[in-house]
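Enquirer: Here you go, final.cif (mmCIF, C-alpha atoms, pLDDT in the B column; chains and numbers go by the auth columns):
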```
data_data
loop_
_atom_site.group_PDB
_atom_site.id
_atom_site.type_symbol
_atom_site.label_atom_id
_atom_site.label_comp_id
_atom_site.label_asym_id
_atom_site.label_seq_id
_atom_site.Cartn_x
_atom_site.Cartn_y
_atom_site.Cartn_z
_atom_site.B_iso_or_equiv
_atom_site.auth_seq_id
_atom_site.auth_asym_id
ATOM 1 C CA MET A 1 124.949 196.625 98.127 52.00 1 A
ATOM 2 C CA GLU A 2 127.663 194.107 99.031 60.00 2 A
ATOM 3 C CA ASN A 3 129.112 191.583 96.581 72.00 3 A
ATOM 4 C CA ASN A 4 126.616 188.892 97.587 85.00 4 A
ATOM 5 C CA ALA A 5 123.821 191.401 96.937 90.00 5 A
ATOM 6 C CA VAL A 6 125.268 192.119 93.474 95.00 6 A
ATOM 7 C CA LEU A 7 125.233 188.398 92.742 95.00 7 A
ATOM 8 C CA GLU A 8 121.684 188.022 94.023 95.00 8 A
ATOM 9 C CA ARG A 9 120.605 190.874 91.747 96.00 9 A
ATOM 10 C CA LEU A 10 122.239 189.144 88.791 97.00 10 A
ATOM 11 C CA LYS A 11 120.503 185.897 89.658 96.00 11 A
ATOM 12 C CA SER A 12 117.170 187.718 89.792 97.00 12 A
ATOM 13 C CA LEU A 13 117.782 188.917 86.221 97.00 13 A
ATOM 14 C CA ALA A 14 118.789 185.482 84.939 97.00 14 A
ATOM 15 C CA ASP A 15 117.018 183.802 82.040 96.00 15 A
ATOM 16 C CA GLY A 16 117.562 180.035 81.904 94.00 16 A
ATOM 17 C CA LYS A 17 116.810 179.676 78.186 96.00 17 A
ATOM 18 C CA TYR A 18 119.150 182.538 77.343 96.00 18 A
ATOM 19 C CA ALA A 19 121.813 180.966 79.569 97.00 19 A
ATOM 20 C CA ALA A 20 121.703 177.794 77.468 97.00 20 A
ATOM 21 C CA PHE A 21 121.970 179.867 74.286 96.00 21 A
ATOM 22 C CA GLN A 22 124.953 181.830 75.615 96.00 22 A
ATOM 23 C CA ALA A 23 126.726 178.729 76.922 96.00 23 A
ATOM 24 C CA ALA A 24 126.523 177.152 73.461 97.00 24 A
ATOM 25 C CA LEU A 25 128.346 180.186 71.989 96.00 25 A
ATOM 26 C CA ILE A 26 131.171 179.973 74.523 96.00 26 A
ATOM 27 C CA PRO A 27 132.085 176.286 74.648 93.00 27 A
ATOM 28 C CA ASN A 28 135.322 176.772 76.575 94.00 28 A
ATOM 29 C CA ILE A 29 133.640 177.825 79.833 96.00 29 A
ATOM 30 C CA PRO A 30 131.480 175.632 82.125 96.00 30 A
ATOM 31 C CA PRO A 31 127.774 175.969 81.222 96.00 31 A
ATOM 32 C CA GLU A 32 126.876 176.165 84.897 97.00 32 A
ATOM 33 C CA SER A 33 128.858 179.413 85.195 97.00 33 A
ATOM 34 C CA VAL A 34 126.406 181.193 82.862 98.00 34 A
ATOM 35 C CA LEU A 35 123.385 182.737 84.581 98.00 35 A
ATOM 36 C CA GLY A 36 121.883 184.138 81.381 98.00 36 A
ATOM 37 C CA VAL A 37 121.559 187.852 82.128 98.00 37 A
ATOM 38 C CA ARG A 38 120.894 189.694 78.884 97.00 38 A
ATOM 39 C CA THR A 39 123.324 192.428 77.889 96.00 39 A
ATOM 40 C CA PRO A 40 120.813 195.328 78.075 96.00 40 A
ATOM 41 C CA GLU A 41 120.022 194.326 81.667 97.00 41 A
ATOM 42 C CA LEU A 42 123.732 194.147 82.474 97.00 42 A
ATOM 43 C CA ARG A 43 124.290 197.589 80.970 97.00 43 A
ATOM 44 C CA ARG A 44 121.455 199.076 83.029 97.00 44 A
ATOM 45 C CA PHE A 45 122.829 197.483 86.179 97.00 45 A
ATOM 46 C CA ALA A 46 126.341 198.764 85.397 97.00 46 A
ATOM 47 C CA ARG A 47 125.007 202.308 84.944 96.00 47 A
ATOM 48 C CA GLU A 48 123.218 202.003 88.268 96.00 48 A
ATOM 49 C CA LEU A 49 126.360 200.795 90.053 96.00 49 A
ATOM 50 C CA ARG A 50 128.996 203.021 88.402 94.00 50 A
ATOM 51 C CA ASN A 51 130.949 205.404 90.618 91.00 51 A
ATOM 52 C CA THR A 52 129.565 203.843 93.797 93.00 52 A
ATOM 53 C CA PRO A 53 131.457 202.238 96.696 92.00 53 A
ATOM 54 C CA GLU A 54 129.596 199.030 95.853 93.00 54 A
ATOM 55 C CA ALA A 55 131.074 199.026 92.363 94.00 55 A
ATOM 56 C CA ALA A 56 134.572 199.606 93.731 94.00 56 A
ATOM 57 C CA CYS A 57 134.120 196.719 96.173 94.00 57 A
ATOM 58 C CA PHE A 58 132.814 194.391 93.481 96.00 58 A
ATOM 59 C CA MET A 59 135.673 195.261 91.104 96.00 59 A
ATOM 60 C CA SER A 60 138.275 194.710 93.812 94.00 60 A
ATOM 61 C CA THR A 61 137.121 191.131 94.365 93.00 61 A
ATOM 62 C CA LEU A 62 138.547 188.643 91.863 96.00 62 A
ATOM 63 C CA PRO A 63 138.071 185.960 90.714 97.00 63 A
ATOM 64 C CA HIS A 64 134.317 185.919 90.255 96.00 64 A
ATOM 65 C CA SER A 65 132.206 182.772 90.147 95.00 65 A
ATOM 66 C CA TYR A 66 129.983 183.506 87.154 97.00 66 A
ATOM 67 C CA TYR A 67 130.411 184.583 83.544 98.00 67 A
ATOM 68 C CA ASP A 68 127.769 187.275 84.074 98.00 68 A
ATOM 69 C CA GLU A 69 129.789 188.756 86.949 98.00 69 A
ATOM 70 C CA TYR A 70 132.789 189.093 84.641 98.00 70 A
ATOM 71 C CA ASN A 71 130.631 190.816 82.042 98.00 71 A
ATOM 72 C CA LEU A 72 129.278 193.233 84.647 98.00 72 A
ATOM 73 C CA HIS A 73 132.851 193.900 85.765 98.00 73 A
ATOM 74 C CA GLY A 74 133.894 194.636 82.178 98.00 74 A
ATOM 75 C CA LEU A 75 130.978 197.021 81.680 98.00 75 A
ATOM 76 C CA LEU A 76 131.925 198.851 84.877 98.00 76 A
ATOM 77 C CA ILE A 77 135.462 199.279 83.506 98.00 77 A
ATOM 78 C CA ASN A 78 133.926 200.742 80.337 98.00 78 A
ATOM 79 C CA GLU A 79 132.216 203.375 82.489 96.00 79 A
ATOM 80 C CA LEU A 80 135.399 204.610 84.194 97.00 80 A
ATOM 81 C CA ARG A 81 136.421 208.106 83.122 95.00 81 A
ATOM 82 C CA GLY A 82 140.034 208.323 84.265 97.00 82 A
ATOM 83 C CA TYR A 83 142.671 206.888 81.934 98.00 83 A
ATOM 84 C CA ASP A 84 145.081 205.706 84.651 98.00 84 A
ATOM 85 C CA GLU A 85 142.357 204.072 86.726 97.00 85 A
ATOM 86 C CA THR A 86 141.024 202.354 83.602 98.00 86 A
ATOM 87 C CA VAL A 87 144.422 200.875 82.714 98.00 87 A
ATOM 88 C CA ALA A 88 144.924 199.755 86.324 98.00 88 A
ATOM 89 C CA ALA A 89 141.459 198.157 86.376 98.00 89 A
ATOM 90 C CA LEU A 90 142.163 196.346 83.103 98.00 90 A
ATOM 91 C CA ASP A 91 145.491 195.043 84.342 98.00 91 A
ATOM 92 C CA ARG A 92 143.726 193.511 87.343 98.00 92 A
ATOM 93 C CA PHE A 93 140.854 192.146 85.251 98.00 93 A
ATOM 94 C CA LEU A 94 142.367 190.855 82.000 98.00 94 A
ATOM 95 C CA PRO A 95 144.273 187.883 83.508 98.00 95 A
ATOM 96 C CA TYR A 96 140.892 186.460 84.587 98.00 96 A
ATOM 97 C CA VAL A 97 139.152 186.868 81.211 98.00 97 A
ATOM 98 C CA ASP A 98 138.710 183.401 79.718 97.00 98 A
ATOM 99 C CA ASN A 99 136.335 183.864 76.783 98.00 99 A
ATOM 100 C CA TRP A 100 135.856 185.961 73.647 98.00 100 A
ATOM 101 C CA ALA A 101 132.512 187.470 74.656 98.00 101 A
ATOM 102 C CA THR A 102 133.720 189.071 77.886 98.00 102 A
ATOM 103 C CA CYS A 103 136.863 190.225 76.103 98.00 103 A
ATOM 104 C CA ASP A 104 134.970 191.836 73.235 98.00 104 A
ATOM 105 C CA LEU A 105 132.543 193.843 75.355 98.00 105 A
ATOM 106 C CA LEU A 106 135.491 195.850 76.714 98.00 106 A
ATOM 107 C CA SER A 107 135.479 199.295 75.094 98.00 107 A
ATOM 108 C CA PRO A 108 136.585 201.809 77.723 98.00 108 A
ATOM 109 C CA ARG A 109 135.247 205.324 77.314 97.00 109 A
ATOM 110 C CA ALA A 110 138.529 206.631 78.724 98.00 110 A
ATOM 111 C CA PHE A 111 140.270 205.412 75.545 98.00 111 A
ATOM 112 C CA LYS A 112 138.131 207.407 73.098 96.00 112 A
ATOM 113 C CA PRO A 113 140.479 210.434 73.074 96.00 113 A
ATOM 114 C CA ARG A 114 143.373 207.979 72.434 96.00 114 A
ATOM 115 C CA PRO A 115 145.651 209.255 75.225 96.00 115 A
ATOM 116 C CA GLU A 116 149.301 209.320 74.187 95.00 116 A
ATOM 117 C CA PRO A 117 150.406 206.439 76.451 97.00 117 A
ATOM 118 C CA LEU A 118 147.705 204.092 75.124 98.00 118 A
ATOM 119 C CA MET A 119 149.737 202.667 72.234 98.00 119 A
ATOM 120 C CA GLY A 120 152.414 201.641 74.712 98.00 120 A
ATOM 121 C CA GLU A 121 149.782 199.725 76.677 98.00 121 A
ATOM 122 C CA VAL A 122 148.535 198.083 73.465 98.00 122 A
ATOM 123 C CA GLU A 123 152.075 196.892 72.756 98.00 123 A
ATOM 124 C CA ARG A 124 152.320 195.522 76.288 98.00 124 A
ATOM 125 C CA TRP A 125 148.965 193.732 76.111 98.00 125 A
ATOM 126 C CA THR A 126 149.669 192.173 72.714 98.00 126 A
ATOM 127 C CA ALA A 127 153.036 190.935 73.992 98.00 127 A
ATOM 128 C CA SER A 128 151.541 189.392 77.153 98.00 128 A
ATOM 129 C CA GLY A 129 151.194 185.835 75.812 97.00 129 A
ATOM 130 C CA ARG A 130 147.705 185.562 77.381 98.00 130 A
ATOM 131 C CA THR A 131 145.099 184.751 74.746 98.00 131 A
ATOM 132 C CA TYR A 132 142.389 187.195 75.744 98.00 132 A
ATOM 133 C CA THR A 133 144.760 189.958 76.781 98.00 133 A
ATOM 134 C CA VAL A 134 146.342 189.757 73.325 98.00 134 A
ATOM 135 C CA ARG A 135 142.894 189.680 71.729 98.00 135 A
ATOM 136 C CA PHE A 136 141.887 192.746 73.739 98.00 136 A
ATOM 137 C CA GLY A 137 144.993 194.641 72.607 98.00 137 A
ATOM 138 C CA ILE A 138 144.185 193.931 68.957 98.00 138 A
ATOM 139 C CA GLY A 139 140.604 194.974 69.637 98.00 139 A
ATOM 140 C CA VAL A 140 141.825 198.346 70.898 98.00 140 A
ATOM 141 C CA LEU A 141 143.692 198.821 67.609 98.00 141 A
ATOM 142 C CA LEU A 142 140.528 197.899 65.702 98.00 142 A
ATOM 143 C CA GLY A 143 138.152 200.010 67.765 97.00 143 A
ATOM 144 C CA PHE A 144 140.203 203.139 68.385 97.00 144 A
ATOM 145 C CA TYR A 145 142.923 203.449 65.733 98.00 145 A
ATOM 146 C CA LEU A 146 141.627 202.554 62.271 97.00 146 A
ATOM 147 C CA ASP A 147 140.256 206.031 61.610 95.00 147 A
ATOM 148 C CA GLU A 148 141.845 209.045 63.242 91.00 148 A
ATOM 149 C CA GLY A 149 145.056 208.014 64.959 94.00 149 A
ATOM 150 C CA PHE A 150 145.942 205.343 62.387 97.00 150 A
ATOM 151 C CA ASP A 151 149.612 204.635 61.724 97.00 151 A
ATOM 152 C CA PRO A 152 150.829 201.903 59.309 98.00 152 A
ATOM 153 C CA SER A 153 153.068 200.496 62.043 98.00 153 A
ATOM 154 C CA GLN A 154 149.909 199.332 63.813 98.00 154 A
ATOM 155 C CA LEU A 155 149.309 196.854 60.986 98.00 155 A
ATOM 156 C CA GLU A 156 152.708 195.318 61.654 98.00 156 A
ATOM 157 C CA LEU A 157 151.889 195.068 65.351 98.00 157 A
ATOM 158 C CA ALA A 158 148.632 193.240 64.614 98.00 158 A
ATOM 159 C CA ALA A 159 150.244 190.960 62.010 98.00 159 A
ATOM 160 C CA GLY A 160 152.869 189.956 64.550 98.00 160 A
ATOM 161 C CA CYS A 161 150.152 188.569 66.811 98.00 161 A
ATOM 162 C CA CYS A 162 149.325 185.653 64.462 96.00 162 A
ATOM 163 C CA CYS A 163 150.131 182.640 66.605 96.00 163 A
ATOM 164 C CA GLY A 164 147.843 179.722 65.735 96.00 164 A
ATOM 165 C CA GLU A 165 145.596 180.424 68.731 98.00 165 A
ATOM 166 C CA TYR A 166 142.054 180.571 67.300 98.00 166 A
ATOM 167 C CA TYR A 167 140.692 183.453 69.374 98.00 167 A
ATOM 168 C CA VAL A 168 143.751 185.598 68.697 98.00 168 A
ATOM 169 C CA ASP A 169 143.958 184.783 64.994 98.00 169 A
ATOM 170 C CA MET A 170 140.251 185.465 64.516 98.00 170 A
ATOM 171 C CA MET A 171 140.663 188.957 65.967 98.00 171 A
ATOM 172 C CA VAL A 172 143.688 189.587 63.723 98.00 172 A
ATOM 173 C CA ALA A 173 141.550 188.552 60.742 98.00 173 A
ATOM 174 C CA TRP A 174 138.749 190.908 61.816 98.00 174 A
ATOM 175 C CA TYR A 175 141.294 193.675 62.241 98.00 175 A
ATOM 176 C CA PHE A 176 142.666 193.262 58.714 98.00 176 A
ATOM 177 C CA ALA A 177 139.200 192.936 57.177 98.00 177 A
ATOM 178 C CA THR A 178 138.275 196.239 58.818 98.00 178 A
ATOM 179 C CA ALA A 179 141.615 197.776 57.822 98.00 179 A
ATOM 180 C CA LEU A 180 140.959 196.808 54.197 98.00 180 A
ATOM 181 C CA ALA A 181 137.735 198.829 54.408 97.00 181 A
ATOM 182 C CA LYS A 182 139.202 201.839 56.201 97.00 182 A
ATOM 183 C CA GLN A 183 142.913 201.903 55.316 98.00 183 A
ATOM 184 C CA ARG A 184 142.992 200.041 52.002 97.00 184 A
ATOM 185 C CA GLU A 185 146.321 201.296 50.628 98.00 185 A
ATOM 186 C CA SER A 186 148.219 200.395 53.780 98.00 186 A
ATOM 187 C CA ALA A 187 146.454 197.096 54.489 98.00 187 A
ATOM 188 C CA LEU A 188 146.240 195.556 51.016 98.00 188 A
ATOM 189 C CA PRO A 189 149.985 194.764 50.693 98.00 189 A
ATOM 190 C CA TYR A 190 149.684 192.461 53.726 98.00 190 A
ATOM 191 C CA ILE A 191 147.301 190.329 51.661 98.00 191 A
ATOM 192 C CA GLU A 192 149.071 190.717 48.328 98.00 192 A
ATOM 193 C CA ASN A 193 152.430 189.745 49.848 98.00 193 A
ATOM 194 C CA ARG A 194 151.058 187.049 52.178 98.00 194 A
ATOM 195 C CA ARG A 195 152.346 188.728 55.307 98.00 195 A
ATOM 196 C CA LEU A 196 149.855 186.890 57.525 98.00 196 A
ATOM 197 C CA SER A 197 149.545 183.200 58.343 98.00 197 A
ATOM 198 C CA ARG A 198 147.582 181.171 55.778 98.00 198 A
ATOM 199 C CA TRP A 199 144.550 180.809 58.064 98.00 199 A
ATOM 200 C CA VAL A 200 144.420 184.509 59.022 98.00 200 A
ATOM 201 C CA HIS A 201 145.038 185.536 55.398 98.00 201 A
ATOM 202 C CA ASN A 202 142.086 183.500 54.122 98.00 202 A
ATOM 203 C CA LYS A 203 139.823 184.430 57.024 98.00 203 A
ATOM 204 C CA ALA A 204 140.530 188.148 56.506 98.00 204 A
ATOM 205 C CA ILE A 205 139.566 187.741 52.848 98.00 205 A
ATOM 206 C CA GLN A 206 136.402 185.855 53.812 98.00 206 A
ATOM 207 C CA LYS A 207 135.358 188.568 56.267 98.00 207 A
ATOM 208 C CA SER A 208 136.135 191.272 53.700 98.00 208 A
ATOM 209 C CA VAL A 209 134.046 189.566 51.024 97.00 209 A
ATOM 210 C CA GLU A 210 131.157 189.336 53.514 97.00 210 A
ATOM 211 C CA SER A 211 131.499 193.002 54.511 96.00 211 A
ATOM 212 C CA ARG A 212 129.197 195.725 53.230 95.00 212 A
ATOM 213 C CA ARG A 213 132.027 198.236 53.643 95.00 213 A
ATOM 214 C CA ILE A 214 134.225 196.696 50.956 96.00 214 A
ATOM 215 C CA ALA A 215 133.700 197.807 47.339 95.00 215 A
ATOM 216 C CA PRO A 216 132.632 195.022 44.922 96.00 216 A
ATOM 217 C CA GLU A 217 135.750 195.414 42.763 97.00 217 A
ATOM 218 C CA LEU A 218 138.014 194.987 45.807 97.00 218 A
ATOM 219 C CA LYS A 219 136.049 191.896 46.861 98.00 219 A
ATOM 220 C CA GLU A 220 136.676 190.321 43.465 98.00 220 A
ATOM 221 C CA TYR A 221 140.375 191.134 43.651 98.00 221 A
ATOM 222 C CA LEU A 222 140.627 189.711 47.160 98.00 222 A
ATOM 223 C CA LYS A 223 138.989 186.478 46.022 98.00 223 A
ATOM 224 C CA SER A 224 141.817 186.087 43.514 98.00 224 A
ATOM 225 C CA LEU A 225 144.348 186.379 46.368 98.00 225 A
ATOM 226 C CA ARG A 226 143.078 183.417 48.384 98.00 226 A
ATOM 227 C CA TRP A 227 145.921 181.259 49.631 97.00 227 A
ATOM 228 C CA LYS A 228 145.165 177.728 48.401 93.00 228 A
#
```
Before we go any further, please render this structure as structure tokens.

Expert:
Amino acid sequence: MENNAVLERLKSLADGKYAAFQAALIPNIPPESVLGVRTPELRRFARELRNTPEAACFMSTLPHSYYDEYNLHGLLINELRGYDETVAALDRFLPYVDNWATCDLLSPRAFKPRPEPLMGEVERWTASGRTYTVRFGIGVLLGFYLDEGFDPSQLELAAGCCCGEYYVDMMVAWYFATALAKQRESALPYIENRRLSRWVHNKAIQKSVESRRIAPELKEYLKSLRWK
């Protein structure tokens, strides 16, 4: 299956109504770049392609033409088992990521054991200055380090990413809302002492109040800490 065959397969799975729905959720990309392949179909296709020469060929060809191709590419990266090859694949891919949805589906299985060098890569990604690379780095902290592997210095790293860029600041807010649920003692001083930007501070509180993982008494306290 050559790259044009991969694209033809994606087009055969496309749903025009779903494409319109997806395009409305991602206003910063051209609507015509969205084919409308549903995520379960993409996941099945990625499992079919993984570890094949066709997958390697597809992943070596950037940029892609369609949003759905980028999502398939991201899901193929998730399926890689080797840590070094995963980091190399991400470094090729991340500069082309231009939307929150493609960014947020990245959750590489090779990162689950939290290899020792990974935090160094997170620091590099969050310092890149590229919106979705920074967002991805914060997402790695959120997805892989808020339980086992947590260190309070990671909160400082995430807080330092506040920059006024909506898609970065939203991920920082999600990170702190989740940290308040999982690492309350370490995370709460960032809210109490207003260590975040006003917007991120208030958004983190909003997300915490909406969360089922936050105790009612903490929600009430957080409401009193809103930055007016």

Enquirer: To one decimal in Å, tell me the separation between CA of Leu42 in chain A and CA of Leu72 in chain A.

Expert: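 Between CA of Leu42 in chain A and CA of Leu72 in chain A the gap is 6.0 Å.
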
Enquirer: Taking the file as shown, what set of residues would the PyMOL selection byres ((chain A and resi 85-91) around 10) give back, as a list in words?

Expert: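 Selected by the PyMOL selection byres ((chain A and resi 85-91) around 10) in this file: Met59, Ser60, His73, Gly74, Leu76, Ile77, Asn78, Glu79, Leu80, Arg81, Gly82, Tyr83, Asp84, Arg92, Phe93, Leu94, Pro95, Tyr96, Leu106, Pro108, Arg109, Ala110, Phe111, Leu118, Glu121, Trp125 and Thr133 of chain A.
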
Enquirer: From the options A:Thr61, A:Arg38, A:Ile191, A:Arg130, which residue's atoms come nearest to Lys203 in chain A, counting only C-alpha atoms?

Expert: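 Checking each of A:Thr61, A:Arg38, A:Ile191, A:Arg130 against Lys203 in chain A, counting only C-alpha atoms, the winner is A:Ile191.
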
Enquirer: Could you list the residues chosen by the PyMOL selection byres ((chain A and resi 138-152) around 8) in this structure as JSON, numbers by chain?

Expert: {"A": [104, 107, 111, 112, 114, 122, 126, 134, 135, 136, 137, 153, 154, 155, 156, 158, 171, 172, 175, 178, 179, 182, 183, 186]}

Enquirer: Go ahead and dump the residues you just picked, C-alpha atoms, as a tab-separated table (two decimals), in the coordinates of the input.

Expert:
```tsv
chain	number	residue	atom	x	y	z
A	104	ASP	CA	134.97	191.84	73.24
A	107	SER	CA	135.48	199.30	75.09
A	111	PHE	CA	140.27	205.41	75.54
A	112	LYS	CA	138.13	207.41	73.10
A	114	ARG	CA	143.37	207.98	72.43
A	122	VAL	CA	148.54	198.08	73.46
A	126	THR	CA	149.67	192.17	72.71
A	134	VAL	CA	146.34	189.76	73.32
A	135	ARG	CA	142.89	189.68	71.73
A	136	PHE	CA	141.89	192.75	73.74
A	137	GLY	CA	144.99	194.64	72.61
A	153	SER	CA	153.07	200.50	62.04
A	154	GLN	CA	149.91	199.33	63.81
A	155	LEU	CA	149.31	196.85	60.99
A	156	GLU	CA	152.71	195.32	61.65
A	158	ALA	CA	148.63	193.24	64.61
A	171	MET	CA	140.66	188.96	65.97
A	172	VAL	CA	143.69	189.59	63.72
A	175	TYR	CA	141.29	193.68	62.24
A	178	THR	CA	138.28	196.24	58.82
A	179	ALA	CA	141.62	197.78	57.82
A	182	LYS	CA	139.20	201.84	56.20
A	183	GLN	CA	142.91	201.90	55.32
A	186	SER	CA	148.22	200.40	53.78
```

Enquirer: Identify all residues satisfying the PyMOL selection byres ((chain A and resi 50) around 10) in the given file; provide them as a list in words.

Expert: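 That selection, the PyMOL selection byres ((chain A and resi 50) around 10), comes back as Phe45, Ala46, Arg47, Glu48, Leu49, Asn51, Thr52, Pro53, Glu54, Ala55, Ala56, Leu75, Leu76, Ile77, Asn78, Glu79 and Leu80 of chain A.
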
Enquirer: Separation of CA of Thr131 in chain A and CA of Ser208 in chain A, in Å?

Expert: 23.8 Å

Enquirer: Name the residues in contact with Val209 in chain A at a cut-off of 12 Å, using only C-alpha atoms, excluding same-chain residues fewer than 5 positions from it; report them as an NGL selection string.

Expert: :A and (174 or 177-178 or 180-181 or 202-204 or 214-226)

Enquirer: May I ask for the distance between CA of Arg195 in chain A and CA of Ser128 in chain A, given in Å to one decimal place?

Expert: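 Between these atoms lies a distance of 21.9 Å.
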
Enquirer: What would the list of residues within 9 Å of (131.9, 176.3, 85.5) (file frame) look like as a PyMOL selection string, if all atoms listed in the file are what count?

Expert: chain A and resi 29-34+65-67

Enquirer: With a cut-off of 8 Å, could you pull out the residues of range 41-151 of chain A touching range 5-16 of chain A and give me the nearest pair of atoms for each, distance in Å to one decimal, using only C-alpha atoms, ordered by chain and ascending number, as a tab-separated table?

Expert:
```
residue	atom	partner	partner_atom	distance
A:Glu41	CA	A:Leu13	CA	7.4
A:Phe58	CA	A:Val6	CA	7.9
A:Asp68	CA	A:Leu10	CA	7.5
A:Glu69	CA	A:Leu7	CA	7.4
```

Enquirer: What's around Ala101 in chain A at 9 Å? Count only C-alpha atoms, leave out sequence neighbours fewer than 6 positions away in its own chain, and write the answer as a ChimeraX atom specification.

Expert: /A:25-26,71

Enquirer: From the list A:Val37, A:Val168, A:Val97, A:Cys162, which residue is nearest Leu196 in chain A when using only C-alpha atoms?

Expert: A:Cys162

Enquirer: What would range 150-163 of chain A look like with N, CA and C atoms restored, written as a PDB file, keeping the file's coordinate frame?

Expert:
```
ATOM      1  N   PHE A 150     145.333 206.484  63.068  1.00 97.00           N
ATOM      2  CA  PHE A 150     145.942 205.343  62.387  1.00 97.00           C
ATOM      3  C   PHE A 150     147.388 205.628  62.014  1.00 97.00           C
ATOM      4  N   ASP A 151     148.227 204.599  62.178  1.00 97.00           N
ATOM      5  CA  ASP A 151     149.612 204.635  61.724  1.00 97.00           C
ATOM      6  C   ASP A 151     149.909 203.264  61.117  1.00 97.00           C
ATOM      7  N   PRO A 152     150.570 203.205  59.947  1.00 98.00           N
ATOM      8  CA  PRO A 152     150.829 201.903  59.309  1.00 98.00           C
ATOM      9  C   PRO A 152     151.579 200.922  60.195  1.00 98.00           C
ATOM     10  N   SER A 153     152.340 201.404  61.154  1.00 98.00           N
ATOM     11  CA  SER A 153     153.068 200.496  62.043  1.00 98.00           C
ATOM     12  C   SER A 153     152.122 199.642  62.875  1.00 98.00           C
ATOM     13  N   GLN A 154     150.887 200.103  63.052  1.00 98.00           N
ATOM     14  CA  GLN A 154     149.909 199.332  63.813  1.00 98.00           C
ATOM     15  C   GLN A 154     149.532 198.040  63.088  1.00 98.00           C
ATOM     16  N   LEU A 155     149.562 198.071  61.762  1.00 98.00           N
ATOM     17  CA  LEU A 155     149.309 196.854  60.986  1.00 98.00           C
ATOM     18  C   LEU A 155     150.370 195.801  61.270  1.00 98.00           C
ATOM     19  N   GLU A 156     151.610 196.247  61.361  1.00 98.00           N
ATOM     20  CA  GLU A 156     152.708 195.318  61.654  1.00 98.00           C
ATOM     21  C   GLU A 156     152.548 194.726  63.044  1.00 98.00           C
ATOM     22  N   LEU A 157     152.113 195.552  63.990  1.00 98.00           N
ATOM     23  CA  LEU A 157     151.889 195.068  65.351  1.00 98.00           C
ATOM     24  C   LEU A 157     150.810 193.986  65.363  1.00 98.00           C
ATOM     25  N   ALA A 158     149.706 194.225  64.664  1.00 98.00           N
ATOM     26  CA  ALA A 158     148.632 193.240  64.614  1.00 98.00           C
ATOM     27  C   ALA A 158     149.073 191.971  63.890  1.00 98.00           C
ATOM     28  N   ALA A 159     149.781 192.127  62.772  1.00 98.00           N
ATOM     29  CA  ALA A 159     150.244 190.960  62.010  1.00 98.00           C
ATOM     30  C   ALA A 159     151.155 190.084  62.852  1.00 98.00           C
ATOM     31  N   GLY A 160     151.945 190.700  63.706  1.00 98.00           N
ATOM     32  CA  GLY A 160     152.869 189.956  64.550  1.00 98.00           C
ATOM     33  C   GLY A 160     152.190 189.131  65.623  1.00 98.00           C
ATOM     34  N   CYS A 161     150.882 189.328  65.795  1.00 98.00           N
ATOM     35  CA  CYS A 161     150.152 188.569  66.811  1.00 98.00           C
ATOM     36  C   CYS A 161     149.660 187.220  66.303  1.00 98.00           C
ATOM     37  N   CYS A 162     149.731 186.963  64.997  1.00 96.00           N
ATOM     38  CA  CYS A 162     149.325 185.653  64.462  1.00 96.00           C
ATOM     39  C   CYS A 162     150.115 184.564  65.177  1.00 96.00           C
ATOM     40  N   CYS A 163     149.416 183.609  65.768  1.00 96.00           N
ATOM     41  CA  CYS A 163     150.131 182.640  66.605  1.00 96.00           C
ATOM     42  C   CYS A 163     149.552 181.229  66.541  1.00 96.00           C
TER      43      CYS A 163
END
```
